[in-house]
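**Q** Just passing along the structure, written as structure tokens.
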Amino acid sequence: MTSSQHNASAGGDGIAADWVARSLASVWHPCTQMQHHETVPLVAVSHGRGAWLYDHDGRRYLDAISSWWVNLFGHANPRINNALKDQLDKLEHAMLAGFTHEPVVQLSEQLKALTGGVLGHCFYASDGASAVEIALKMSFHAWRNSGHSAKQEFVCVRGGYHGETIGALAVTDVALFKDAYGPLLRPAHVVASPDARLAEPGESAQDVARRAARDLERLLQERGPQIAAVIVEPLVQCATGMAMHDPLYLALVRALCDQYQVHLIFDEIAVGCGRTGTFFACQQAEMADGTAVWPDFLCLSKGISGGYLPLSLVLSKEEIYQAFYSSDVTRGFLHSHSYTGNPLACRAALATLAIFEEDDVLNRNRQRAARMTAALAPLAAHDKVRHFRQRGMIWAFDAVIDDAQAAASFSRRFFAEGLRQEMLMRPIGRSVYLMPPYILADDEIDTLAARTLAVFEQTMAGH
Ligand SMILES: *Cc1c(COP(=O)(O)O)cnc(C)c1O
């Protein structure tokens, strides 16, 4: 593609076009058919501030999806920047085998405290997919160490997403990512999704949750002794298109896992860190007797470092940890990443957790969410919008498009139109969503809502 084509589509010229041309010649971009960049703009970012990203030509874009759901408190956040500058002069990295350091200890203690002490052992990696791999391996190995070596199978939910390495992809059920690599993957059981959009006439979201749990129960009745773990994205299955379900589902799954002796993994990589309204999404569920719903393993990544550095982790229960505690090396958990517990990443995470405290973020997000939902009312009522939905700081709706060709290109056209109107948004198929950082001022909320409607109408009119 020539730079003039890019300029025509993005409306800029000058230094930005040069970075774009050089990027296309040397950088292989993720989740991208590179040929699409012949028509879809590529934006060369020069810097970020708050909720905005700026390109080299001085154009700006409101980061309405938190740069793939990672950025919680804005770009170039002064408090996180200062914490990192301080950490840089103390310790950038040291190996975590045989050594430990202040940031990793403090972060592990604080995360344990956030689970009320239930998930007290924290294992670190760098990306979400690796956290999922760790949870799967730990589950299998914990069972084997306790004499249940037949437990080797995993269960995932239809439409679920857990990352794209070979092991994580095996428990992912998004055709676009999975089908091409099917022959490489160890099959997993896929059970019905509790997605509330699947409600039959007269059914409530809780009815759908009960129906989905019955599907899991049938599988566990049949294969419980062979199954190591069930993996679930609590409350919102994000990558499949922000499919939301009732918290009841989590309680029902927890009860079934207890009954059939199967581990439960909550993948809170996207929904953790306050995204759904509580710090952990699973805190919105409760068991029939009113007690909390905790998994055996909880995976976190994305927002935990405030969107600054690659960091992921798996929190696990005491029984899991004890299953590995032994004088025998081979009964220990055998997994190592070079950058495990990186001090800079942990320090960014500590600064992020401090902001939650200092700014009373979960409460203030309630006000932000109420304002955004009210501002989006015209969109929710639009006749080409279906299933308008919201949970915490996530909003989504599905575009009604009859023409198949228009539907196939909807996401790319929406993205390009968004850039023209200073919005960074990337719909998933026909599902448009907002997942902004937790710092929007009232006027930014109103702008975001109004432009989302404008971009939607323009995209719908434009094909
Ligand atoms: C993003 C995501 C992952 C994978 O994380 P990466 O850092 O991209 O490997 C896993 N699970 C969920 C729910 C995610 O949203």
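Just so we're on the same page: first chain in the structure tokens is A, next is B, and so on; residues restart at 1 for each chain, and ligands are numbered from 1 in the order they show up.
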Based on DSSP run over this structure's backbone, return all residues of segment 33-274 of chain A in strand (DSSP E), as a PyMOL selection string.

**A** chain A and resi 45-49+52-55+60-63+121-125+153-157+189-191+227-232+236-237+243-244+263-267

**Q** Compute the set of protein, DNA and RNA residues whose minimum atom distance to ligand 1 is at most 6 Å, using only C-alpha atoms and all ligand atoms, and state it as a tab-separated table (two decimals) with N, CA and C atoms, in the first residue's frame.

**A**
chain	number	residue	atom	x	y	z
A	127	ASP	N	1.81	-13.05	30.17
A	127	ASP	CA	0.63	-12.75	29.35
A	127	ASP	C	-0.52	-13.65	29.77
A	128	GLY	N	-1.71	-13.27	29.32
A	128	GLY	CA	-2.90	-13.98	29.76
A	128	GLY	C	-2.91	-15.44	29.35
A	129	ALA	N	-2.54	-15.71	28.11
A	129	ALA	CA	-2.55	-17.10	27.63
A	129	ALA	C	-1.66	-17.97	28.52
A	161	TYR	N	-13.22	-17.58	25.47
A	161	TYR	CA	-11.90	-17.21	24.93
A	161	TYR	C	-10.90	-17.23	26.07
A	162	HIS	N	-9.78	-17.92	25.87
A	162	HIS	CA	-8.77	-17.99	26.93
A	162	HIS	C	-7.36	-17.78	26.43
A	163	GLY	N	-7.21	-17.25	25.23
A	163	GLY	CA	-5.88	-17.00	24.71
A	163	GLY	C	-5.57	-17.89	23.53
A	233	GLU	N	-15.16	-17.71	31.92
A	233	GLU	CA	-14.99	-16.25	32.02
A	233	GLU	C	-16.19	-15.72	32.80
A	267	ASP	N	-11.27	-17.39	34.65
A	267	ASP	CA	-10.37	-16.57	33.83
A	267	ASP	C	-10.89	-15.13	33.93
A	269	ILE	N	-9.02	-12.53	33.33
A	269	ILE	CA	-8.00	-11.74	32.63
A	269	ILE	C	-8.61	-10.45	32.07
A	270	ALA	N	-9.81	-10.55	31.50
A	270	ALA	CA	-10.47	-9.35	30.96
A	270	ALA	C	-11.44	-8.73	31.97

**Q** Which of these, A:Ala64, A:Ile394, A:Ala450, A:Val155, has the shortest distance to Asn365 of chain A once you count only C-alpha atoms?

**A**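 The closest residue to Asn365 of chain A is A:Ile394.
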
**Q** Pick the closest to Cys156 of chain A from A:Gly277, A:Pro194, A:Pro343, A:Gly120: which is it, counting only C-alpha atoms?

**A** A:Pro194

**Q** Of the candidates A:Ala348, A:Leu311, A:Leu235, A:Ala44, which shows the shortest atom-to-atom distance to Asp86 of chain A, using only C-alpha atoms?

**A**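 Counting only C-alpha atoms, the residue closest to Asp86 of chain A is A:Ala348.
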
**Q** Could you list, with a cut-off of 9 Å and counting only C-alpha atoms, the residues of segment 263-302 of chain A near segment 131-149 of chain A, each shown with its nearest atom pair and the distance in Å rounded to one decimal, rows sorted by chain and ascending number, as CSV?

**A**
residue,atom,partner,partner_atom,distance
A:His263,CA,A:Ser139,CA,6.8
A:Leu264,CA,A:Ser139,CA,9.0
A:Ile265,CA,A:Ala135,CA,7.1
A:Asp267,CA,A:Val132,CA,7.4
A:Ile269,CA,A:Ala131,CA,8.7
A:Asp296,CA,A:Ser139,CA,8.8
A:Phe297,CA,A:Ala135,CA,6.4
A:Leu298,CA,A:Ala135,CA,8.0
A:Cys299,CA,A:Ala131,CA,6.0
A:Leu300,CA,A:Ala131,CA,7.4
A:Ser301,CA,A:Ala131,CA,7.9

**Q** Pick out the residues sitting within 9 Å of segment 47-51 of chain A, and hand them over as a PyMOL selection string; count only C-alpha atoms, and ignore anything fewer than 2 positions along from it in its own chain.

**A** chain A and resi 45+53-56+60-64+66+71+73-77+436-440+444
